[in-house]
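Engineer: Below is the file entry-v1.json, which contains JSON, C-alpha atoms.
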[["chain", "number", "residue", "atom", "x", "y", "z"],
["A", 1, "MET", "CA", 47.76, 7.45, 8.41],
["A", 2, "PHE", "CA", 49.16, 10.22, 6.24],
["A", 3, "ILE", "CA", 48.75, 10.07, 2.48],
["A", 4, "GLY", "CA", 50.80, 12.51, 0.47],
["A", 5, "LYS", "CA", 49.09, 14.93, -1.92],
["A", 6, "SER", "CA", 50.23, 13.15, -5.06],
["A", 7, "ARG", "CA", 49.21, 9.75, -3.72],
["A", 8, "PHE", "CA", 45.79, 11.15, -2.67],
["A", 9, "ALA", "CA", 45.30, 12.72, -6.12],
["A", 10, "ALA", "CA", 46.15, 9.40, -7.77],
["A", 11, "LEU", "CA", 43.64, 7.53, -5.58],
["A", 12, "ALA", "CA", 40.93, 10.13, -6.33],
["A", 13, "ALA", "CA", 41.59, 9.84, -10.08],
["A", 14, "LEU", "CA", 41.44, 6.05, -9.87],
["A", 15, "ALA", "CA", 38.14, 6.19, -7.97],
["A", 16, "ALA", "CA", 36.67, 8.52, -10.59],
["A", 17, "VAL", "CA", 37.55, 6.06, -13.36],
["A", 18, "VAL", "CA", 36.63, 2.83, -11.58],
["A", 19, "LEU", "CA", 33.51, 3.78, -9.61],
["A", 20, "PRO", "CA", 30.30, 4.66, -11.46],
["A", 21, "ALA", "CA", 28.80, 8.09, -10.91],
["A", 22, "GLY", "CA", 26.94, 8.24, -7.63],
["A", 23, "ALA", "CA", 28.57, 5.09, -6.22],
["A", 24, "LEU", "CA", 29.79, 7.02, -3.23],
["A", 25, "GLY", "CA", 26.42, 8.76, -2.77],
["A", 26, "THR", "CA", 23.11, 7.34, -1.62],
["A", 27, "ALA", "CA", 21.69, 4.15, -3.07],
["A", 28, "THR", "CA", 18.95, 4.32, -5.65],
["A", 29, "THR", "CA", 15.53, 2.95, -4.79],
["A", 30, "ALA", "CA", 16.27, -0.20, -6.81],
["A", 31, "GLU", "CA", 19.61, -0.70, -5.05],
["A", 32, "ALA", "CA", 18.05, -0.14, -1.65],
["A", 33, "ALA", "CA", 15.21, -2.51, -2.53],
["A", 34, "SER", "CA", 17.49, -5.33, -3.61],
["A", 35, "SER", "CA", 19.65, -4.94, -0.52],
["A", 36, "ARG", "CA", 16.56, -5.67, 1.63],
["A", 37, "GLY", "CA", 15.40, -8.53, -0.56],
["A", 38, "VAL", "CA", 12.60, -6.43, -2.02],
["A", 39, "PRO", "CA", 12.43, -6.36, -5.82],
["A", 40, "GLY", "CA", 12.78, -3.23, -7.89],
["A", 41, "TYR", "CA", 9.83, -0.97, -8.62],
["A", 42, "GLN", "CA", 8.93, -2.44, -12.03],
["A", 43, "THR", "CA", 8.81, -5.98, -10.64],
["A", 44, "TRP", "CA", 6.67, -4.83, -7.73],
["A", 45, "GLN", "CA", 4.25, -3.05, -10.06],
["A", 46, "SER", "CA", 4.00, -6.16, -12.25],
["A", 47, "ASP", "CA", 3.26, -8.27, -9.16],
["A", 48, "VAL", "CA", 0.68, -5.73, -7.91],
["A", 49, "ASN", "CA", -1.04, -5.74, -11.31],
["A", 50, "LYS", "CA", -1.31, -9.55, -11.24],
["A", 51, "ALA", "CA", -2.74, -9.54, -7.72],
["A", 52, "ILE", "CA", -5.26, -6.74, -8.30],
["A", 53, "ALA", "CA", -6.37, -7.66, -11.86],
["A", 54, "PRO", "CA", -9.33, -9.79, -10.69],
["A", 55, "ALA", "CA", -10.68, -7.06, -8.37],
["A", 56, "ILE", "CA", -12.77, -4.99, -10.81],
["A", 57, "PRO", "CA", -14.32, -8.01, -12.57],
["A", 58, "TRP", "CA", -15.16, -9.52, -9.19],
["A", 59, "LEU", "CA", -16.62, -6.22, -7.91],
["A", 60, "ARG", "CA", -18.66, -5.83, -11.11],
["A", 61, "ASP", "CA", -20.20, -9.28, -10.59],
["A", 62, "ARG", "CA", -20.68, -8.72, -6.85],
["A", 63, "ILE", "CA", -22.39, -5.33, -7.29],
["A", 64, "ALA", "CA", -24.74, -6.81, -9.90],
["A", 65, "LYS", "CA", -26.03, -9.18, -7.20],
["A", 66, "GLY", "CA", -27.17, -6.21, -5.10],
["A", 67, "GLY", "CA", -26.94, -5.52, -1.41],
["A", 68, "ASP", "CA", -26.91, -2.58, 0.93],
["A", 69, "ASN", "CA", -24.10, -0.02, 1.08],
["A", 70, "PRO", "CA", -21.31, -1.93, -0.69],
["A", 71, "ALA", "CA", -17.76, -0.91, 0.18],
["A", 72, "ILE", "CA", -14.14, -1.82, -0.36],
["A", 73, "VAL", "CA", -11.48, -1.56, 2.33],
["A", 74, "LEU", "CA", -7.94, -0.58, 1.41],
["A", 75, "ASP", "CA", -4.78, -0.70, 3.46],
["A", 76, "ILE", "CA", -2.63, 2.42, 3.01],
["A", 77, "ASP", "CA", 1.10, 1.75, 3.14],
["A", 78, "ASN", "CA", 2.42, -0.20, 0.13],
["A", 79, "THR", "CA", -1.16, -0.86, -0.92],
["A", 80, "ALA", "CA", -2.95, 2.42, -1.69],
["A", 81, "LEU", "CA", 0.26, 4.45, -1.50],
["A", 82, "GLU", "CA", 3.72, 3.53, -2.80],
["A", 83, "THR", "CA", 5.21, 4.20, 0.63],
["A", 84, "TYR", "CA", 8.40, 2.19, 0.14],
["A", 85, "TYR", "CA", 9.16, 3.19, -3.45],
["A", 86, "HIS", "CA", 7.68, 6.70, -3.82],
["A", 87, "GLU", "CA", 6.31, 7.98, -0.54],
["A", 88, "GLY", "CA", 2.98, 9.76, -0.87],
["A", 89, "GLN", "CA", 2.30, 8.64, -4.44],
["A", 90, "ALA", "CA", -0.71, 6.57, -5.41],
["A", 91, "ASN", "CA", -0.19, 2.93, -6.29],
["A", 92, "LYS", "CA", -1.86, 3.30, -9.69],
["A", 93, "PRO", "CA", -3.35, -0.21, -10.07],
["A", 94, "VAL", "CA", -5.03, 0.14, -6.66],
["A", 95, "LEU", "CA", -6.12, 3.71, -7.38],
["A", 96, "LYS", "CA", -7.81, 2.41, -10.54],
["A", 97, "VAL", "CA", -9.87, -0.03, -8.43],
["A", 98, "ALA", "CA", -10.78, 2.73, -5.94],
["A", 99, "GLU", "CA", -11.87, 5.06, -8.76],
["A", 100, "TRP", "CA", -13.96, 2.31, -10.34],
["A", 101, "ALA", "CA", -15.60, 1.59, -7.00],
["A", 102, "HIS", "CA", -16.35, 5.27, -6.39],
["A", 103, "GLU", "CA", -17.83, 5.67, -9.89],
["A", 104, "HIS", "CA", -20.13, 2.69, -9.22],
["A", 105, "ASN", "CA", -21.40, 3.88, -5.83],
["A", 106, "VAL", "CA", -19.16, 1.57, -3.82],
["A", 107, "SER", "CA", -17.77, 3.31, -0.73],
["A", 108, "VAL", "CA", -13.98, 3.52, -0.49],
["A", 109, "LEU", "CA", -12.84, 2.89, 3.09],
["A", 110, "PHE", "CA", -9.34, 2.76, 4.52],
["A", 111, "VAL", "CA", -8.20, 0.62, 7.44],
["A", 112, "THR", "CA", -4.66, 1.25, 8.60],
["A", 113, "ALA", "CA", -2.17, 0.52, 11.35],
["A", 114, "ARG", "CA", -1.40, 4.24, 11.37],
["A", 115, "SER", "CA", -2.64, 6.19, 14.37],
["A", 116, "SER", "CA", -3.59, 9.51, 12.73],
["A", 117, "SER", "CA", -6.56, 9.63, 10.40],
["A", 118, "SER", "CA", -6.19, 13.33, 9.54],
["A", 119, "SER", "CA", -2.67, 13.00, 8.10],
["A", 120, "ALA", "CA", -3.66, 9.76, 6.33],
["A", 121, "ARG", "CA", -6.73, 11.43, 4.78],
["A", 122, "HIS", "CA", -4.59, 14.34, 3.58],
["A", 123, "GLN", "CA", -2.04, 12.00, 1.94],
["A", 124, "LEU", "CA", -4.72, 9.86, 0.31],
["A", 125, "GLU", "CA", -6.68, 12.80, -1.07],
["A", 126, "ASP", "CA", -3.46, 14.41, -2.37],
["A", 127, "ALA", "CA", -2.72, 11.13, -4.18],
["A", 128, "GLY", "CA", -6.18, 11.23, -5.84],
["A", 129, "TYR", "CA", -8.14, 8.73, -3.74],
["A", 130, "PRO", "CA", -11.83, 9.16, -2.92],
["A", 131, "VAL", "CA", -12.07, 8.74, 0.87],
["A", 132, "ASP", "CA", -15.40, 7.85, 2.46],
["A", 133, "ALA", "CA", -13.97, 6.80, 5.84],
["A", 134, "ILE", "CA", -10.69, 5.98, 7.57],
["A", 135, "CYS", "CA", -10.26, 3.80, 10.63],
["A", 136, "THR", "CA", -6.94, 3.78, 12.47],
["A", 137, "ARG", "CA", -5.34, 1.60, 15.11],
["A", 138, "GLU", "CA", -5.95, 2.60, 18.70],
["A", 139, "HIS", "CA", -3.14, 3.02, 21.21],
["A", 140, "GLY", "CA", -1.94, -0.36, 22.44],
["A", 141, "GLU", "CA", -3.63, -2.42, 19.73],
["A", 142, "GLU", "CA", -1.72, -4.95, 17.65],
["A", 143, "LYS", "CA", -1.94, -4.28, 13.90],
["A", 144, "GLY", "CA", -4.18, -7.26, 13.10],
["A", 145, "GLU", "CA", -6.37, -6.60, 16.13],
["A", 146, "GLY", "CA", -6.88, -2.96, 15.14],
["A", 147, "LYS", "CA", -7.67, -3.75, 11.53],
["A", 148, "GLU", "CA", -10.18, -6.43, 12.52],
["A", 149, "ARG", "CA", -11.85, -4.00, 14.95],
["A", 150, "CYS", "CA", -12.04, -1.38, 12.22],
["A", 151, "ARG", "CA", -13.70, -3.74, 9.73],
["A", 152, "GLU", "CA", -16.13, -4.89, 12.42],
["A", 153, "GLU", "CA", -17.03, -1.27, 13.27],
["A", 154, "LEU", "CA", -17.49, -0.35, 9.61],
["A", 155, "THR", "CA", -19.76, -3.38, 9.19],
["A", 156, "ARG", "CA", -21.80, -2.30, 12.24],
["A", 157, "ASP", "CA", -22.01, 1.18, 10.68],
["A", 158, "GLY", "CA", -23.91, -0.41, 7.79],
["A", 159, "TYR", "CA", -21.22, -1.03, 5.19],
["A", 160, "THR", "CA", -21.07, -4.34, 3.34],
["A", 161, "ILE", "CA", -17.35, -4.83, 2.84],
["A", 162, "THR", "CA", -17.22, -6.64, -0.46],
["A", 163, "ALA", "CA", -13.42, -6.59, -0.77],
["A", 164, "SER", "CA", -10.40, -6.09, 1.45],
["A", 165, "ILE", "CA", -7.23, -5.10, -0.37],
["A", 166, "GLY", "CA", -3.88, -5.13, 1.40],
["A", 167, "ASN", "CA", -0.35, -6.45, 1.32],
["A", 168, "ARG", "CA", 0.06, -7.95, 4.79],
["A", 169, "PRO", "CA", -1.61, -10.91, 6.52],
["A", 170, "THR", "CA", -2.95, -8.45, 9.13],
["A", 171, "ASP", "CA", -5.13, -6.92, 6.38],
["A", 172, "PHE", "CA", -7.16, -10.12, 6.30],
["A", 173, "GLU", "CA", -7.15, -11.46, 9.89],
["A", 174, "GLY", "CA", -10.52, -11.82, 11.57],
["A", 175, "GLY", "CA", -12.80, -11.49, 8.56],
["A", 176, "TYR", "CA", -15.62, -8.92, 8.18],
["A", 177, "TYR", "CA", -15.19, -8.84, 4.39],
["A", 178, "GLU", "CA", -16.34, -11.02, 1.52],
["A", 179, "LYS", "CA", -13.19, -11.39, -0.61],
["A", 180, "GLY", "CA", -9.55, -10.54, -0.07],
["A", 181, "PHE", "CA", -7.03, -9.35, -2.63],
["A", 182, "LYS", "CA", -3.49, -9.85, -1.33],
["A", 183, "LEU", "CA", -0.76, -7.70, -2.82],
["A", 184, "PRO", "CA", 2.87, -8.83, -2.52],
["A", 185, "ASP", "CA", 4.83, -8.19, 0.67],
["A", 186, "TYR", "CA", 7.75, -10.47, -0.21],
["A", 187, "GLY", "CA", 7.75, -12.47, 2.98],
["A", 188, "GLY", "CA", 7.15, -9.42, 5.18],
["A", 189, "ARG", "CA", 10.04, -7.41, 3.76],
["A", 190, "LEU", "CA", 7.69, -4.84, 2.21],
["A", 191, "SER", "CA", 5.57, -3.68, 5.13]]
Output the file's structure as structure tokens, nothing else.

Structural biologist:
Amino acid sequence: MFIGKSRFAALAALAAVVLPAGALGTATTAEAASSRGVPGYQTWQSDVNKAIAPAIPWLRDRIAKGGDNPAIVLDIDNTALETYYHEGQANKPVLKVAEWAHEHNVSVLFVTARSSSSSARHQLEDAGYPVDAICTREHGEEKGEGKERCREELTRDGYTITASIGNRPTDFEGGYYEKGFKLPDYGGRLS
């Protein structure tokens, strides 16, 4: 279909008046989030804060009871790192728990469905996390199966996993930890 120059110019002028700046460009993080049924960043952070708030008080009480080689296990994507909202950046409420743990001689371990520990370690350290160990999923393993194996291996290595922190049900399947702290995943939409 051919549109004459004057008609095209009129349509372009109308679009400039009617459409907000950037409407023809890429969606913002908030727009992309709502289109997938995932809330905006501020809502997510509020929900993360509510879920993680009991972690330090619980760890403080648990550490006071004693035990050998206490540790916490963190998932990486959308738990330790803001993978969906700001890739590579620390999820600050979770980082605060990891820093507290490290300062109180609690090992900070990571269990992930990722398959490369070296790239994960690099991202975590760049985001400010102390990293005592990382366990990744092996080829052919289901996510839950790999995470359970990792927690079991870390327990056999002598760690007492006092807390498991994650946002997916697979972060808690199979046990090998004392208490779980579940961050929001919005019905699996934030993986």

Engineer: Return the single residue from A:Ile161, A:Ile134, A:Ile72, A:Ala55 that is closest to Thr112 (chain A), with distances computed using all atoms listed in the file.

Structural biologist: A:Ile134

Engineer: Show me, as CSV, the residues of region 24-142 of chain A having an atom within 12 Å of region 166-184 of chain A, each with the closest atom pair and its distance in Å, using only C-alpha atoms.

Structural biologist:
residue,atom,partner,partner_atom,distance
A:Val38,CA,A:Pro184,CA,10.0
A:Pro39,CA,A:Pro184,CA,10.4
A:Thr43,CA,A:Pro184,CA,10.5
A:Trp44,CA,A:Pro184,CA,7.6
A:Gln45,CA,A:Pro184,CA,9.6
A:Ser46,CA,A:Pro184,CA,10.2
A:Asp47,CA,A:Pro184,CA,6.7
A:Val48,CA,A:Leu183,CA,5.6
A:Asn49,CA,A:Leu183,CA,8.7
A:Lys50,CA,A:Leu183,CA,8.6
A:Ala51,CA,A:Leu183,CA,5.6
A:Ile52,CA,A:Phe181,CA,6.5
A:Ala53,CA,A:Phe181,CA,9.4
A:Pro54,CA,A:Phe181,CA,8.4
A:Ala55,CA,A:Phe181,CA,7.2
A:Ile56,CA,A:Phe181,CA,10.9
A:Trp58,CA,A:Lys179,CA,9.0
A:Leu59,CA,A:Lys179,CA,9.6
A:Arg62,CA,A:Glu178,CA,9.7
A:Pro70,CA,A:Tyr177,CA,10.5
A:Ala71,CA,A:Tyr177,CA,9.3
A:Ile72,CA,A:Tyr177,CA,8.5
A:Val73,CA,A:Tyr177,CA,8.4
A:Leu74,CA,A:Gly166,CA,6.1
A:Asp75,CA,A:Gly166,CA,5.0
A:Ile76,CA,A:Gly166,CA,7.8
A:Asp77,CA,A:Asn167,CA,8.5
A:Asn78,CA,A:Asn167,CA,6.9
A:Thr79,CA,A:Gly166,CA,5.6
A:Ala80,CA,A:Gly166,CA,8.2
A:Leu81,CA,A:Gly166,CA,10.8
A:Glu82,CA,A:Asn167,CA,11.5
A:Asn91,CA,A:Leu183,CA,11.2
A:Pro93,CA,A:Leu183,CA,10.7
A:Val94,CA,A:Gly166,CA,9.7
A:Val97,CA,A:Phe181,CA,11.3
A:Phe110,CA,A:Gly166,CA,10.1
A:Val111,CA,A:Asp171,CA,8.2
A:Thr112,CA,A:Asp171,CA,8.5
A:Ala113,CA,A:Thr170,CA,9.3
A:Arg137,CA,A:Thr170,CA,11.9
A:Glu142,CA,A:Thr170,CA,9.3

Engineer: Let's have the selection written as a PDB file, in the frame of the given file, with C-alpha atoms.

Structural biologist:
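out.pdb was written with the following content:
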ATOM      1  CA  VAL A  38      12.600  -6.430  -2.020  1.00  0.00           C
ATOM      2  CA  PRO A  39      12.430  -6.360  -5.820  1.00  0.00           C
ATOM      3  CA  THR A  43       8.810  -5.980 -10.640  1.00  0.00           C
ATOM      4  CA  TRP A  44       6.670  -4.830  -7.730  1.00  0.00           C
ATOM      5  CA  GLN A  45       4.250  -3.050 -10.060  1.00  0.00           C
ATOM      6  CA  SER A  46       4.000  -6.160 -12.250  1.00  0.00           C
ATOM      7  CA  ASP A  47       3.260  -8.270  -9.160  1.00  0.00           C
ATOM      8  CA  VAL A  48       0.680  -5.730  -7.910  1.00  0.00           C
ATOM      9  CA  ASN A  49      -1.040  -5.740 -11.310  1.00  0.00           C
ATOM     10  CA  LYS A  50      -1.310  -9.550 -11.240  1.00  0.00           C
ATOM     11  CA  ALA A  51      -2.740  -9.540  -7.720  1.00  0.00           C
ATOM     12  CA  ILE A  52      -5.260  -6.740  -8.300  1.00  0.00           C
ATOM     13  CA  ALA A  53      -6.370  -7.660 -11.860  1.00  0.00           C
ATOM     14  CA  PRO A  54      -9.330  -9.790 -10.690  1.00  0.00           C
ATOM     15  CA  ALA A  55     -10.680  -7.060  -8.370  1.00  0.00           C
ATOM     16  CA  ILE A  56     -12.770  -4.990 -10.810  1.00  0.00           C
ATOM     17  CA  TRP A  58     -15.160  -9.520  -9.190  1.00  0.00           C
ATOM     18  CA  LEU A  59     -16.620  -6.220  -7.910  1.00  0.00           C
ATOM     19  CA  ARG A  62     -20.680  -8.720  -6.850  1.00  0.00           C
ATOM     20  CA  PRO A  70     -21.310  -1.930  -0.690  1.00  0.00           C
ATOM     21  CA  ALA A  71     -17.760  -0.910   0.180  1.00  0.00           C
ATOM     22  CA  ILE A  72     -14.140  -1.820  -0.360  1.00  0.00           C
ATOM     23  CA  VAL A  73     -11.480  -1.560   2.330  1.00  0.00           C
ATOM     24  CA  LEU A  74      -7.940  -0.580   1.410  1.00  0.00           C
ATOM     25  CA  ASP A  75      -4.780  -0.700   3.460  1.00  0.00           C
ATOM     26  CA  ILE A  76      -2.630   2.420   3.010  1.00  0.00           C
ATOM     27  CA  ASP A  77       1.100   1.750   3.140  1.00  0.00           C
ATOM     28  CA  ASN A  78       2.420  -0.200   0.130  1.00  0.00           C
ATOM     29  CA  THR A  79      -1.160  -0.860  -0.920  1.00  0.00           C
ATOM     30  CA  ALA A  80      -2.950   2.420  -1.690  1.00  0.00           C
ATOM     31  CA  LEU A  81       0.260   4.450  -1.500  1.00  0.00           C
ATOM     32  CA  GLU A  82       3.720   3.530  -2.800  1.00  0.00           C
ATOM     33  CA  ASN A  91      -0.190   2.930  -6.290  1.00  0.00           C
ATOM     34  CA  PRO A  93      -3.350  -0.210 -10.070  1.00  0.00           C
ATOM     35  CA  VAL A  94      -5.030   0.140  -6.660  1.00  0.00           C
ATOM     36  CA  VAL A  97      -9.870  -0.030  -8.430  1.00  0.00           C
ATOM     37  CA  PHE A 110      -9.340   2.760   4.520  1.00  0.00           C
ATOM     38  CA  VAL A 111      -8.200   0.620   7.440  1.00  0.00           C
ATOM     39  CA  THR A 112      -4.660   1.250   8.600  1.00  0.00           C
ATOM     40  CA  ALA A 113      -2.170   0.520  11.350  1.00  0.00           C
ATOM     41  CA  ARG A 137      -5.340   1.600  15.110  1.00  0.00           C
ATOM     42  CA  GLU A 142      -1.720  -4.950  17.650  1.00  0.00           C
TER      43      GLU A 142
END

Engineer: Just give me the gap between CA of Asn69 (chain A) and CA of Asn105 (chain A) in Å, one decimal is fine.

Structural biologist: 8.4 Å

Engineer: Mind pulling up the distance from CA of Ala133 (chain A) to CA of Leu109 (chain A)?

Structural biologist: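 Pair CA of Leu109 (chain A) / CA of Ala133 (chain A) returns 4.9 Å.
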
Engineer: Taking every listed atom of region 118-136 of chain A and adding 4 Å to each side, what centre and edge lengths in Å (one decimal) does the axis-aligned box have, as lines of an AutoDock Vina configuration file?

Structural biologist:
center_x = -8.7
center_y = 9.1
center_z = 3.3
size_x = 21.4
size_y = 18.6
size_z = 26.3

Engineer: I'd like the interatomic distance between CA of Glu103 (chain A) and CA of Asp126 (chain A), to a tenth of an Å.

Structural biologist: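 These atoms are spaced 18.4 Å apart.
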
Engineer: Using all atoms listed in the file, which of A:Ile63, A:Gly37, A:Ala90, A:Asp68 sits nearest Asp157 (chain A)?

Structural biologist: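 Selected residue with least distance to Asp157 (chain A): A:Asp68.
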
Engineer: From the options A:Ser118, A:Tyr84, A:Ala98, A:Leu124, which residue's atoms come nearest to Asp185 (chain A), counting all atoms listed in the file?

Structural biologist: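 Between A:Ser118, A:Tyr84, A:Ala98, A:Leu124, the residue approaching Asp185 (chain A) most closely is A:Tyr84.
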